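Chemist: Below are the structure tokens for one structure; questions will follow.
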Amino acid sequence: MGSLSERIGIELPILQAGMGGRLARHELAAAVSEAGGLGTIGILEPAELAREIAASRGLTAKPIAVNLLLPFARRAHWEVAGEADVVVTFWGAPRRRTRRTWLHQCGSVDEALAAQRAGADGVIAQGVEAGGHVRGSVPALELLERVKSALPPDYPVLVAGGIAERDDVRHALGAGADAVALGTRFLLSEESRAHPEYKRRLLDARETVLTELFGAGWARAPHRVAWNDAARHWLADGPRGPLAIRLFNAVASPLAARMPARLQARLAAMQRPSRPILSPVSPADDAPPILLDAGPLYAGESVARISQIRPAGALTRELAP
Ligand SMILES: Cc1cc2nc3c(=O)[nH]c(=O)nc-3n(C[C@H](O)[C@H](O)[C@H](O)COP(=O)(O)O)c2cc1C
């Protein structure tokens with residue numbers, strides 16, 4: 001990854017994507033970083049995020065990133081993020097708000113150019129194959145090529161979406177990526193904090209769907225999930241989800257997004273597969289198990305090729321070409 005990896009201080013061109021909703025925490029991030037990649041702690045409430053960064057420092061002396069989702073990042077999040085080595089942002093208008101190395105994940109050439117103009121130290125081109133919330137609308141390597149040709153030749157461009165094996169990494173680097181970011185592959189690691197049954201279901205999953213169903217709290221934000229009871233119940237007539245649910249989500253989201261995390265978690269516990277209020281809260285290992293059937297099982301298309309839960313450090317080393 002040339003000068004960017006030197007600047008960050010990582011040996012391998014492997015980033016573990018930040019996964020919010022309590023899925024990617026210090027154990028995962030530290031394991032990836034300790035193995036020579038860059039581990040990322042997903043967004044949490046600021047006080048908890050600070051504790052997670054501190055806990056990761058107890059496990060590794062290597063660099064650690066945090067991920068901030070711009071629609072939810074408040075001033076206190078930015079202050080805490082300054083304790084990490086790298087800040088990776090996603091979703092919405094990019095603006096420099098940290099002195100740390102800053103990467104912005106983008107779904108289009110326009111967004112990549114906006115991030116570069118705003119002073120980002122690099123961009124991550126996210127393809128439509130990606131799991132979780134999806135900004136990209138074309139395959140990752142296609143977006144990589146478009147973004148690279150729009151930006152100066154030495155500007156760092158990373159790629160995310162559909163990368164799960166060493167050959168995928170090799171292709172991406174061969175296509176000019178400075179490094180790769182992986183979410184789904186690292187979700188299926190021993191250290192991720194996804195509920196064990198969420199992991200087990202993803203090992204069996206062969207198909208995903210790009211939908212707007214789980215949008216009560218974050219509307220108009222397409223996300224890729226594996227099928228479960230809620231998805232089967234509501235998506236029979238089309239992948240985006242019923243118009244009435246999408247309209248409700250658009251109206252309710254500004255309010256829901258301002259609710260304290262504890263209240264959001266209490267409401268998520270009341271979700272049922274056939275009730276039309278479906279939040280983005282996913283089944284982490286400390287979440288109510290009903291979310292396995294009534295919440296989003298975020299996963300990328302690569303889930304079809306993943307058959308084992310592995311230690312994140314070993315994965316990091318094996319992925320590097
Ligand atoms: C379970 C899950 C949760 C995610 N949560 C976030 C998040 O909180 N912030 C973010 O920037 N990206 C998030 N993403 C998207 C990743 O940043 C990345 O784009 C994606 O995982 C790449 O595709 P892949 O899943 O095929 O590796 C998430 C992805 C997954 C699978």
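Residue names in the structure tokens use chain letters A, B, ... in the order shown, residue numbers from 1 in each chain, and ligand numbers from 1 in the order shown.
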Residues within 8 Å of ligand 1 (only C-alpha atoms and all ligand atoms), as a short mmCIF file (atom, residue, chain, number, x, y, z; two decimals) with all heavy atoms, in the first residue's frame?
Modeler:
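Now in result.cif:
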data_model
loop_
_atom_site.label_atom_id
_atom_site.label_comp_id
_atom_site.auth_asym_id
_atom_site.auth_seq_id
_atom_site.Cartn_x
_atom_site.Cartn_y
_atom_site.Cartn_z
N ALA A 17 -13.03 -4.22 7.93
CA ALA A 17 -13.98 -3.11 7.89
C ALA A 17 -14.64 -2.94 9.26
O ALA A 17 -14.91 -3.91 9.96
CB ALA A 17 -15.05 -3.39 6.84
N GLY A 18 -14.92 -1.69 9.60
CA GLY A 18 -15.65 -1.42 10.83
C GLY A 18 -17.07 -1.96 10.68
O GLY A 18 -17.69 -1.77 9.64
N MET A 19 -17.54 -2.66 11.68
CA MET A 19 -18.92 -3.17 11.64
C MET A 19 -19.59 -2.73 12.93
O MET A 19 -19.24 -3.19 14.02
CB MET A 19 -18.91 -4.70 11.47
CG MET A 19 -18.35 -5.11 10.10
SD MET A 19 -18.26 -6.90 9.85
CE MET A 19 -16.71 -7.28 10.68
N GLY A 20 -20.55 -1.78 12.76
CA GLY A 20 -21.21 -1.19 13.91
C GLY A 20 -22.17 -2.19 14.55
O GLY A 20 -22.08 -3.40 14.30
N GLY A 21 -23.08 -1.66 15.38
CA GLY A 21 -24.04 -2.55 16.02
C GLY A 21 -23.36 -3.57 16.92
O GLY A 21 -23.83 -4.69 17.09
N LEU A 23 -20.70 -5.33 16.58
CA LEU A 23 -20.18 -6.56 15.95
C LEU A 23 -18.66 -6.61 15.92
O LEU A 23 -18.05 -7.64 16.14
CB LEU A 23 -20.73 -6.68 14.51
CG LEU A 23 -22.25 -6.84 14.40
CD1 LEU A 23 -22.69 -6.74 12.94
CD2 LEU A 23 -22.70 -8.17 15.00
N GLY A 42 -15.99 -0.80 15.31
CA GLY A 42 -17.20 -0.18 14.75
C GLY A 42 -17.75 0.89 15.68
O GLY A 42 -17.41 0.94 16.87
N ILE A 43 -18.65 1.73 15.14
CA ILE A 43 -19.19 2.84 15.94
C ILE A 43 -20.02 2.33 17.12
O ILE A 43 -20.75 1.36 17.02
CB ILE A 43 -20.01 3.81 15.05
CG1 ILE A 43 -20.38 5.08 15.82
CG2 ILE A 43 -21.24 3.13 14.47
CD1 ILE A 43 -20.91 6.21 14.93
N ASN A 67 -14.32 3.30 13.12
CA ASN A 67 -15.23 3.64 12.03
C ASN A 67 -16.33 4.55 12.56
O ASN A 67 -16.92 4.27 13.60
CB ASN A 67 -15.83 2.35 11.47
CG ASN A 67 -16.91 2.60 10.42
OD1 ASN A 67 -18.07 2.30 10.62
ND2 ASN A 67 -16.50 3.16 9.29
N LEU A 68 -16.57 5.63 11.86
CA LEU A 68 -17.68 6.51 12.24
C LEU A 68 -18.66 6.58 11.07
O LEU A 68 -18.26 6.86 9.93
CB LEU A 68 -17.17 7.92 12.57
CG LEU A 68 -16.26 8.03 13.80
CD1 LEU A 68 -15.88 9.50 14.06
CD2 LEU A 68 -16.91 7.43 15.06
N LEU A 69 -19.92 6.32 11.37
CA LEU A 69 -20.98 6.49 10.37
C LEU A 69 -21.42 7.94 10.47
O LEU A 69 -21.91 8.38 11.52
CB LEU A 69 -22.13 5.53 10.69
CG LEU A 69 -21.78 4.04 10.53
CD1 LEU A 69 -22.85 3.16 11.17
CD2 LEU A 69 -21.62 3.69 9.05
N VAL A 88 -11.99 5.85 9.86
CA VAL A 88 -12.62 5.49 8.58
C VAL A 88 -14.07 5.94 8.65
O VAL A 88 -14.79 5.53 9.56
CB VAL A 88 -12.57 3.97 8.33
CG1 VAL A 88 -13.18 3.64 6.96
CG2 VAL A 88 -11.13 3.45 8.41
N THR A 89 -14.48 6.78 7.72
CA THR A 89 -15.86 7.27 7.75
C THR A 89 -16.66 6.65 6.60
O THR A 89 -16.10 6.15 5.63
CB THR A 89 -15.92 8.81 7.65
OG1 THR A 89 -15.20 9.22 6.50
CG2 THR A 89 -15.36 9.46 8.89
N PHE A 90 -17.97 6.76 6.72
CA PHE A 90 -18.86 6.16 5.72
C PHE A 90 -20.18 6.90 5.75
O PHE A 90 -20.64 7.31 6.80
CB PHE A 90 -19.07 4.67 6.09
CG PHE A 90 -19.79 3.85 5.05
CD1 PHE A 90 -19.58 4.04 3.69
CD2 PHE A 90 -20.66 2.83 5.44
CE1 PHE A 90 -20.22 3.24 2.75
CE2 PHE A 90 -21.30 2.03 4.51
CZ PHE A 90 -21.08 2.23 3.16
N TRP A 91 -20.75 7.06 4.60
CA TRP A 91 -22.12 7.55 4.39
C TRP A 91 -22.25 9.06 4.58
O TRP A 91 -22.05 9.57 5.68
CB TRP A 91 -23.11 6.84 5.34
CG TRP A 91 -24.41 6.61 4.62
CD1 TRP A 91 -25.44 7.49 4.50
CD2 TRP A 91 -24.77 5.45 3.86
NE1 TRP A 91 -26.43 6.95 3.73
CE2 TRP A 91 -26.04 5.70 3.31
CE3 TRP A 91 -24.14 4.25 3.57
CZ2 TRP A 91 -26.71 4.78 2.51
CZ3 TRP A 91 -24.79 3.33 2.79
CH2 TRP A 91 -26.06 3.60 2.27
N GLN A 105 -15.07 5.76 2.99
CA GLN A 105 -15.59 4.72 2.09
C GLN A 105 -16.66 5.33 1.18
O GLN A 105 -17.58 6.01 1.65
CB GLN A 105 -16.16 3.56 2.91
CG GLN A 105 -16.73 2.45 2.05
CD GLN A 105 -16.92 1.15 2.81
OE1 GLN A 105 -16.27 0.16 2.54
NE2 GLN A 105 -17.83 1.15 3.76
N GLN A 126 -16.40 1.10 -2.51
CA GLN A 126 -17.25 -0.01 -2.07
C GLN A 126 -18.14 -0.50 -3.21
O GLN A 126 -18.93 0.27 -3.75
CB GLN A 126 -18.12 0.41 -0.87
CG GLN A 126 -18.85 -0.76 -0.24
CD GLN A 126 -20.12 -0.35 0.48
OE1 GLN A 126 -20.88 0.49 -0.02
NE2 GLN A 126 -20.39 -0.94 1.63
N GLY A 127 -18.03 -1.77 -3.55
CA GLY A 127 -18.86 -2.34 -4.60
C GLY A 127 -20.20 -2.80 -4.08
O GLY A 127 -20.40 -2.95 -2.87
N GLU A 129 -21.47 -5.61 -4.13
CA GLU A 129 -21.47 -6.97 -3.53
C GLU A 129 -21.37 -6.92 -2.01
O GLU A 129 -21.54 -7.93 -1.33
CB GLU A 129 -20.25 -7.78 -3.98
CG GLU A 129 -19.89 -7.79 -5.43
CD GLU A 129 -18.94 -6.66 -5.82
OE1 GLU A 129 -19.01 -5.57 -5.21
OE2 GLU A 129 -18.13 -6.87 -6.73
N ALA A 130 -21.02 -5.77 -1.48
CA ALA A 130 -20.66 -5.63 -0.06
C ALA A 130 -21.81 -6.00 0.87
O ALA A 130 -22.98 -5.85 0.54
CB ALA A 130 -20.22 -4.20 0.21
N GLY A 131 -21.44 -6.43 2.06
CA GLY A 131 -22.42 -6.67 3.12
C GLY A 131 -22.63 -5.43 3.96
O GLY A 131 -21.85 -4.49 3.90
N GLY A 132 -23.70 -5.43 4.75
CA GLY A 132 -24.02 -4.27 5.57
C GLY A 132 -24.63 -3.18 4.70
O GLY A 132 -25.25 -3.46 3.67
N HIS A 133 -24.45 -1.93 5.11
CA HIS A 133 -25.02 -0.83 4.33
C HIS A 133 -24.18 -0.60 3.07
O HIS A 133 -22.95 -0.64 3.12
CB HIS A 133 -25.15 0.42 5.19
CG HIS A 133 -26.31 0.29 6.12
ND1 HIS A 133 -26.23 -0.44 7.29
CD2 HIS A 133 -27.60 0.74 6.03
CE1 HIS A 133 -27.42 -0.44 7.88
NE2 HIS A 133 -28.26 0.27 7.14
N VAL A 134 -24.87 -0.42 1.98
CA VAL A 134 -24.20 -0.44 0.68
C VAL A 134 -24.42 0.88 -0.04
O VAL A 134 -25.54 1.28 -0.33
CB VAL A 134 -24.72 -1.61 -0.19
CG1 VAL A 134 -24.03 -1.61 -1.54
CG2 VAL A 134 -24.50 -2.94 0.51
N ALA A 160 -13.46 -2.45 -1.40
CA ALA A 160 -14.25 -3.29 -0.49
C ALA A 160 -15.42 -3.89 -1.24
O ALA A 160 -15.99 -3.24 -2.13
CB ALA A 160 -14.77 -2.47 0.69
N GLY A 161 -15.79 -5.11 -0.87
CA GLY A 161 -16.96 -5.74 -1.47
C GLY A 161 -16.59 -7.03 -2.18
O GLY A 161 -15.84 -7.00 -3.15
N GLY A 162 -17.06 -8.14 -1.64
CA GLY A 162 -16.87 -9.43 -2.32
C GLY A 162 -15.50 -10.04 -2.16
O GLY A 162 -15.16 -10.97 -2.88
N ILE A 163 -14.71 -9.54 -1.22
CA ILE A 163 -13.36 -10.08 -1.03
C ILE A 163 -13.36 -11.02 0.18
O ILE A 163 -13.72 -10.60 1.29
CB ILE A 163 -12.35 -8.93 -0.84
CG1 ILE A 163 -12.33 -8.08 -2.13
CG2 ILE A 163 -10.95 -9.48 -0.54
CD1 ILE A 163 -11.61 -6.77 -1.99
N ALA A 164 -13.01 -12.27 -0.06
CA ALA A 164 -13.06 -13.25 1.03
C ALA A 164 -11.90 -14.22 1.02
O ALA A 164 -11.68 -14.92 2.00
CB ALA A 164 -14.38 -14.03 0.97
N ALA A 181 -10.47 -3.99 1.90
CA ALA A 181 -11.20 -3.99 3.17
C ALA A 181 -12.24 -5.11 3.12
O ALA A 181 -12.94 -5.25 2.12
CB ALA A 181 -11.88 -2.64 3.40
N LEU A 182 -12.31 -5.88 4.19
CA LEU A 182 -13.23 -7.02 4.24
C LEU A 182 -14.12 -6.93 5.46
O LEU A 182 -13.63 -6.70 6.59
CB LEU A 182 -12.47 -8.35 4.33
CG LEU A 182 -11.46 -8.70 3.25
CD1 LEU A 182 -10.09 -8.15 3.59
CD2 LEU A 182 -11.35 -10.20 3.09
N GLY A 183 -15.43 -7.11 5.24
CA GLY A 183 -16.37 -7.14 6.35
C GLY A 183 -16.85 -8.56 6.63
O GLY A 183 -16.54 -9.15 7.66
N THR A 184 -17.57 -9.12 5.65
CA THR A 184 -18.22 -10.42 5.86
C THR A 184 -17.22 -11.49 6.30
O THR A 184 -17.50 -12.28 7.20
CB THR A 184 -18.93 -10.85 4.55
OG1 THR A 184 -19.83 -9.80 4.18
CG2 THR A 184 -19.69 -12.13 4.73
N ARG A 185 -16.05 -11.55 5.65
CA ARG A 185 -15.06 -12.58 6.00
C ARG A 185 -14.68 -12.46 7.48
O ARG A 185 -14.56 -13.46 8.18
CB ARG A 185 -13.84 -12.47 5.09
CG ARG A 185 -12.71 -13.45 5.30
CD ARG A 185 -13.08 -14.94 5.21
NE ARG A 185 -13.57 -15.51 6.48
CZ ARG A 185 -13.65 -16.79 6.76
NH1 ARG A 185 -13.29 -17.70 5.86
NH2 ARG A 185 -14.11 -17.22 7.92
N PHE A 186 -14.49 -11.21 7.96
CA PHE A 186 -14.09 -11.05 9.36
C PHE A 186 -15.26 -11.17 10.33
O PHE A 186 -15.07 -11.46 11.51
CB PHE A 186 -13.35 -9.73 9.55
CG PHE A 186 -11.92 -9.79 9.07
CD1 PHE A 186 -11.49 -9.02 8.01
CD2 PHE A 186 -11.00 -10.64 9.69
CE1 PHE A 186 -10.17 -9.07 7.56
CE2 PHE A 186 -9.68 -10.70 9.25
CZ PHE A 186 -9.26 -9.92 8.19
N LEU A 187 -16.48 -10.97 9.82
CA LEU A 187 -17.65 -11.22 10.68
C LEU A 187 -17.66 -12.71 11.07
O LEU A 187 -18.03 -13.07 12.18
CB LEU A 187 -18.93 -10.87 9.91
CG LEU A 187 -20.23 -10.94 10.69
CD1 LEU A 187 -20.31 -9.80 11.68
CD2 LEU A 187 -21.43 -10.91 9.75
N ARG A 224 -27.30 -4.93 2.54
CA ARG A 224 -27.32 -6.32 2.05
C ARG A 224 -27.37 -7.27 3.25
O ARG A 224 -26.55 -7.15 4.17
CB ARG A 224 -26.07 -6.60 1.19
CG ARG A 224 -26.11 -7.97 0.52
CD ARG A 224 -24.94 -8.19 -0.44
NE ARG A 224 -25.00 -7.35 -1.61
CZ ARG A 224 -25.81 -7.52 -2.65
NH1 ARG A 224 -26.66 -8.54 -2.64
NH2 ARG A 224 -25.79 -6.70 -3.66
N SER A 282 -28.57 -5.30 14.62
CA SER A 282 -28.30 -6.67 14.19
C SER A 282 -28.03 -7.56 15.40
O SER A 282 -27.75 -7.07 16.50
CB SER A 282 -27.09 -6.69 13.25
OG SER A 282 -26.01 -6.08 13.90
N LEU A 297 -29.62 -9.73 9.13
CA LEU A 297 -28.42 -10.58 9.15
C LEU A 297 -27.49 -10.04 8.06
O LEU A 297 -27.40 -10.59 6.96
CB LEU A 297 -28.78 -12.04 8.87
CG LEU A 297 -29.75 -12.73 9.84
CD1 LEU A 297 -29.93 -14.20 9.46
CD2 LEU A 297 -29.28 -12.60 11.28
N TYR A 298 -26.81 -8.93 8.36
CA TYR A 298 -25.95 -8.30 7.36
C TYR A 298 -24.93 -9.30 6.83
O TYR A 298 -24.24 -9.99 7.62
CB TYR A 298 -25.19 -7.12 7.96
CG TYR A 298 -26.08 -6.00 8.44
CD1 TYR A 298 -26.07 -5.60 9.78
CD2 TYR A 298 -26.91 -5.31 7.56
CE1 TYR A 298 -26.88 -4.56 10.24
CE2 TYR A 298 -27.72 -4.27 8.01
CZ TYR A 298 -27.70 -3.91 9.35
OH TYR A 298 -28.50 -2.90 9.78
N ALA A 299 -24.79 -9.35 5.53
CA ALA A 299 -23.80 -10.24 4.91
C ALA A 299 -23.62 -9.82 3.46
O ALA A 299 -24.58 -9.39 2.80
CB ALA A 299 -24.26 -11.69 4.97
N GLY A 300 -22.39 -9.97 2.97
CA GLY A 300 -22.12 -9.68 1.57
C GLY A 300 -22.26 -10.93 0.71
O GLY A 300 -22.40 -12.05 1.22
N GLU A 301 -22.18 -10.72 -0.60
CA GLU A 301 -22.35 -11.85 -1.53
C GLU A 301 -21.32 -12.94 -1.30
O GLU A 301 -21.56 -14.10 -1.58
CB GLU A 301 -22.25 -11.34 -2.98
CG GLU A 301 -23.47 -10.58 -3.43
CD GLU A 301 -23.37 -10.11 -4.87
OE1 GLU A 301 -22.33 -10.37 -5.53
OE2 GLU A 301 -24.32 -9.47 -5.34
N SER A 302 -20.15 -12.56 -0.77
CA SER A 302 -19.09 -13.55 -0.57
C SER A 302 -19.47 -14.60 0.47
O SER A 302 -18.78 -15.62 0.60
CB SER A 302 -17.79 -12.86 -0.15
OG SER A 302 -17.90 -12.40 1.18
N VAL A 303 -20.55 -14.38 1.19
CA VAL A 303 -20.95 -15.33 2.23
C VAL A 303 -21.13 -16.74 1.64
O VAL A 303 -20.88 -17.74 2.31
CB VAL A 303 -22.23 -14.84 2.96
CG1 VAL A 303 -23.50 -15.03 2.11
CG2 VAL A 303 -22.38 -15.47 4.31
#
Chemist: Among range 99-189 of chain A, which residues does DSSP mark as helix (DSSP H, G or I) when it is run on the backbone? Keep the chain and numbering as in the structure and answer as a ChimeraX atom specification.
Modeler: /A:109-117,140-150,166-174,184-187
Chemist: Of the residues A:Val80, A:Leu278, A:Ala115, A:Leu44, which is the one nearest to Arg262 in chain A, using only C-alpha atoms?
Modeler: A:Leu44
Chemist: Quick one: residues within 8 Å of range 50-62 of chain A, only C-alpha atoms counted, chain neighbours fewer than 3 positions away excluded, as a ChimeraX atom specification?
Modeler: /A:9-10,25-27,29-31,33-34,36,41,46-47,80-81,83-84
Chemist: Those same residues - all heavy atoms - I'd like them written as a short mmCIF file (atom, residue, chain, number, x, y, z; two decimals), in the first residue's frame.
Modeler:
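Resulting contents of part.cif:
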data_model
loop_
_atom_site.label_atom_id
_atom_site.label_comp_id
_atom_site.auth_asym_id
_atom_site.auth_seq_id
_atom_site.Cartn_x
_atom_site.Cartn_y
_atom_site.Cartn_z
N GLY A 9 1.50 2.51 9.28
CA GLY A 9 2.37 1.59 10.01
C GLY A 9 1.86 0.17 10.00
O GLY A 9 1.92 -0.53 11.02
N ILE A 10 1.30 -0.28 8.86
CA ILE A 10 0.85 -1.68 8.77
C ILE A 10 1.70 -2.43 7.74
O ILE A 10 2.21 -1.83 6.80
CB ILE A 10 -0.65 -1.81 8.43
CG1 ILE A 10 -1.00 -1.10 7.11
CG2 ILE A 10 -1.50 -1.26 9.57
CD1 ILE A 10 -2.41 -1.34 6.63
N ARG A 25 -15.48 -5.28 17.64
CA ARG A 25 -15.02 -4.57 18.83
C ARG A 25 -13.54 -4.83 19.02
O ARG A 25 -12.84 -5.20 18.08
CB ARG A 25 -15.92 -4.97 19.99
CG ARG A 25 -17.30 -4.39 19.67
CD ARG A 25 -18.44 -4.85 20.50
NE ARG A 25 -18.24 -4.73 21.93
CZ ARG A 25 -19.07 -5.28 22.81
NH1 ARG A 25 -20.15 -5.93 22.39
NH2 ARG A 25 -18.85 -5.17 24.10
N HIS A 26 -13.04 -4.58 20.26
CA HIS A 26 -11.58 -4.57 20.41
C HIS A 26 -10.92 -5.91 20.12
O HIS A 26 -9.83 -5.96 19.58
CB HIS A 26 -11.19 -4.07 21.81
CG HIS A 26 -11.56 -4.99 22.92
ND1 HIS A 26 -12.80 -4.97 23.52
CD2 HIS A 26 -10.86 -5.97 23.53
CE1 HIS A 26 -12.83 -5.90 24.47
NE2 HIS A 26 -11.66 -6.51 24.48
N GLU A 27 -11.63 -7.02 20.42
CA GLU A 27 -10.99 -8.34 20.24
C GLU A 27 -10.66 -8.56 18.76
O GLU A 27 -9.59 -9.05 18.41
CB GLU A 27 -11.92 -9.48 20.68
CG GLU A 27 -12.51 -9.35 22.08
CD GLU A 27 -13.81 -8.57 22.13
OE1 GLU A 27 -14.15 -7.86 21.17
OE2 GLU A 27 -14.48 -8.64 23.18
N ALA A 29 -10.60 -6.20 16.22
CA ALA A 29 -9.69 -5.19 15.67
C ALA A 29 -8.25 -5.46 16.09
O ALA A 29 -7.32 -5.41 15.26
CB ALA A 29 -10.13 -3.79 16.13
N ALA A 30 -8.06 -5.81 17.37
CA ALA A 30 -6.69 -6.04 17.85
C ALA A 30 -6.08 -7.27 17.19
O ALA A 30 -4.89 -7.28 16.85
CB ALA A 30 -6.69 -6.19 19.38
N ALA A 31 -6.88 -8.31 16.98
CA ALA A 31 -6.34 -9.54 16.37
C ALA A 31 -5.86 -9.25 14.94
O ALA A 31 -4.81 -9.74 14.53
CB ALA A 31 -7.40 -10.64 16.38
N SER A 33 -4.99 -6.28 13.67
CA SER A 33 -3.82 -5.38 13.70
C SER A 33 -2.57 -6.12 14.16
O SER A 33 -1.50 -5.95 13.60
CB SER A 33 -4.09 -4.18 14.62
OG SER A 33 -5.05 -3.33 14.02
N GLU A 34 -2.73 -6.96 15.18
CA GLU A 34 -1.57 -7.68 15.70
C GLU A 34 -0.96 -8.59 14.63
O GLU A 34 0.25 -8.80 14.59
CB GLU A 34 -1.99 -8.49 16.94
CG GLU A 34 -0.89 -9.21 17.67
CD GLU A 34 0.24 -8.30 18.18
OE1 GLU A 34 0.03 -7.09 18.32
OE2 GLU A 34 1.34 -8.83 18.43
N GLY A 36 -0.76 -7.80 11.56
CA GLY A 36 -0.11 -6.99 10.53
C GLY A 36 -1.06 -6.25 9.61
O GLY A 36 -0.63 -5.47 8.75
N ILE A 41 -12.54 -0.80 14.96
CA ILE A 41 -13.64 -0.90 15.93
C ILE A 41 -14.83 -0.14 15.34
O ILE A 41 -14.70 1.00 14.90
CB ILE A 41 -13.23 -0.29 17.29
CG1 ILE A 41 -12.03 -1.07 17.86
CG2 ILE A 41 -14.40 -0.28 18.26
CD1 ILE A 41 -11.37 -0.39 19.06
N PRO A 46 -20.04 7.16 22.43
CA PRO A 46 -18.67 7.62 22.65
C PRO A 46 -17.96 7.01 23.86
O PRO A 46 -16.80 6.60 23.75
CB PRO A 46 -18.84 9.13 22.82
CG PRO A 46 -20.07 9.45 22.02
CD PRO A 46 -20.97 8.26 22.14
N ALA A 47 -18.64 6.90 25.00
CA ALA A 47 -17.94 6.39 26.19
C ALA A 47 -17.51 4.94 25.98
O ALA A 47 -16.41 4.52 26.36
CB ALA A 47 -18.84 6.49 27.42
N VAL A 80 -13.40 11.15 20.71
CA VAL A 80 -12.91 9.82 21.08
C VAL A 80 -12.11 9.21 19.93
O VAL A 80 -11.08 8.55 20.15
CB VAL A 80 -14.11 8.92 21.46
CG1 VAL A 80 -13.65 7.48 21.61
CG2 VAL A 80 -14.75 9.41 22.74
N ALA A 81 -12.56 9.43 18.71
CA ALA A 81 -11.87 8.83 17.56
C ALA A 81 -10.42 9.30 17.47
O ALA A 81 -9.57 8.60 16.92
CB ALA A 81 -12.61 9.16 16.27
N GLU A 83 -8.39 9.18 19.68
CA GLU A 83 -7.56 8.22 20.44
C GLU A 83 -7.08 7.06 19.57
O GLU A 83 -6.22 6.29 19.96
CB GLU A 83 -8.36 7.63 21.62
CG GLU A 83 -8.85 8.64 22.62
CD GLU A 83 -7.70 9.31 23.34
OE1 GLU A 83 -6.76 8.61 23.71
OE2 GLU A 83 -7.73 10.55 23.47
N ALA A 84 -7.72 6.90 18.40
CA ALA A 84 -7.30 5.82 17.49
C ALA A 84 -6.22 6.35 16.55
O ALA A 84 -5.89 7.53 16.57
CB ALA A 84 -8.50 5.31 16.70
#
Chemist: Fewer than 4 positions away in the same chain doesn't count, so skip those; otherwise give me all residues within 9 Å of range 237-252 of chain A, counting only C-alpha atoms, as a short mmCIF file (atom, residue, chain, number, x, y, z; two decimals) with N, CA and C atoms, in the first residue's frame.
Modeler:
data_model
loop_
_atom_site.label_atom_id
_atom_site.label_comp_id
_atom_site.auth_asym_id
_atom_site.auth_seq_id
_atom_site.Cartn_x
_atom_site.Cartn_y
_atom_site.Cartn_z
N VAL A 209 -29.74 -10.42 -0.12
CA VAL A 209 -30.67 -9.51 -0.80
C VAL A 209 -30.32 -8.08 -0.41
N LEU A 210 -30.36 -7.19 -1.39
CA LEU A 210 -30.10 -5.77 -1.14
C LEU A 210 -31.46 -5.10 -0.95
N THR A 211 -31.70 -4.59 0.25
CA THR A 211 -33.04 -4.13 0.61
C THR A 211 -32.99 -2.81 1.35
N GLU A 212 -34.17 -2.25 1.64
CA GLU A 212 -34.26 -1.08 2.53
C GLU A 212 -35.15 -1.41 3.72
N LEU A 213 -35.40 -2.72 3.91
CA LEU A 213 -36.39 -3.15 4.90
C LEU A 213 -36.06 -2.71 6.33
N PHE A 214 -34.80 -2.93 6.74
CA PHE A 214 -34.44 -2.69 8.15
C PHE A 214 -34.00 -1.24 8.32
N GLY A 215 -34.92 -0.33 8.06
CA GLY A 215 -34.55 1.09 7.98
C GLY A 215 -35.20 1.97 9.03
N ALA A 216 -35.81 1.39 10.07
CA ALA A 216 -36.42 2.23 11.11
C ALA A 216 -35.30 2.75 12.01
N GLY A 217 -34.79 3.94 11.68
CA GLY A 217 -33.63 4.48 12.40
C GLY A 217 -32.56 4.91 11.41
N TRP A 218 -32.62 4.36 10.21
CA TRP A 218 -31.64 4.75 9.18
C TRP A 218 -32.30 4.47 7.82
N ALA A 219 -33.10 5.44 7.38
CA ALA A 219 -33.91 5.24 6.17
C ALA A 219 -33.12 5.56 4.91
N ARG A 220 -33.64 5.12 3.79
CA ARG A 220 -33.05 5.36 2.46
C ARG A 220 -31.58 4.94 2.42
N PRO A 222 -29.74 1.55 1.58
CA PRO A 222 -29.82 0.12 1.21
C PRO A 222 -28.79 -0.70 1.98
N ALA A 231 -37.12 -11.08 6.41
CA ALA A 231 -36.88 -10.81 4.99
C ALA A 231 -37.86 -11.61 4.13
N ALA A 256 -35.83 8.32 15.66
CA ALA A 256 -35.21 7.09 16.17
C ALA A 256 -33.70 7.25 16.29
N ALA A 257 -33.10 7.98 15.33
CA ALA A 257 -31.64 8.13 15.34
C ALA A 257 -31.17 8.94 16.54
N PRO A 276 -44.21 -4.45 11.31
CA PRO A 276 -43.60 -3.63 10.26
C PRO A 276 -42.56 -2.61 10.71
N ILE A 277 -42.20 -2.60 11.99
CA ILE A 277 -41.16 -1.66 12.43
C ILE A 277 -39.88 -2.46 12.62
N LEU A 278 -38.95 -2.26 11.68
CA LEU A 278 -37.74 -3.09 11.64
C LEU A 278 -36.52 -2.19 11.64
N SER A 279 -35.78 -2.23 12.75
CA SER A 279 -34.64 -1.33 12.92
C SER A 279 -33.37 -1.96 12.34
#
Chemist: What's the 8 Å shell around Thr101 in chain A, counting only C-alpha atoms, without same-chain residues fewer than 3 positions away, as a list in words?
Modeler: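 Listed by chain and then number, they are Ile8, Asp85, Val86, Val87, Thr98, Ala120 and Asp121 of chain A.
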Chemist: So, counting only C-alpha atoms, which residue among A:Pro94, A:Arg100, A:Val128, A:Leu4 is closest to Ala114 in chain A?
Modeler: A:Pro94
Chemist: Can you measure CA of Asp285 in chain A to CA of Pro196 in chain A for me? One decimal in Å is fine.
Modeler: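 So the two atoms, CA of Asp285 in chain A and CA of Pro196 in chain A, lie 6.7 Å apart.
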Chemist: What's around Ser149 in chain A at 12 Å? Count only C-alpha atoms, leave out sequence neighbours fewer than 4 positions away in its own chain, and write the answer as a ChimeraX atom specification.
Modeler: /A:109,112-113,142-145,153-157,175-177
Chemist: For Ala314 in chain A, list every protein, DNA or RNA residue within 10 Å, evaluated using only C-alpha atoms, and leave out those in the same chain fewer than 4 positions away; present the list as a ChimeraX atom specification.
Modeler: /A:31-32,35,189,310,318-319
Chemist: Apply DSSP to the structure's backbone, then extract all residues of range 193-305 of chain A labelled strand (DSSP E or B) and return them as a list of chain:residue names.
Modeler: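 Everything in range 193-305 of chain A that counts as strand (DSSP E or B) is A:Ala194, A:Thr208, A:Val209, A:Leu210, A:Thr211, A:His223, A:Arg224, A:Val225, A:Ala226, A:Ala284, A:Leu297, A:Tyr298.
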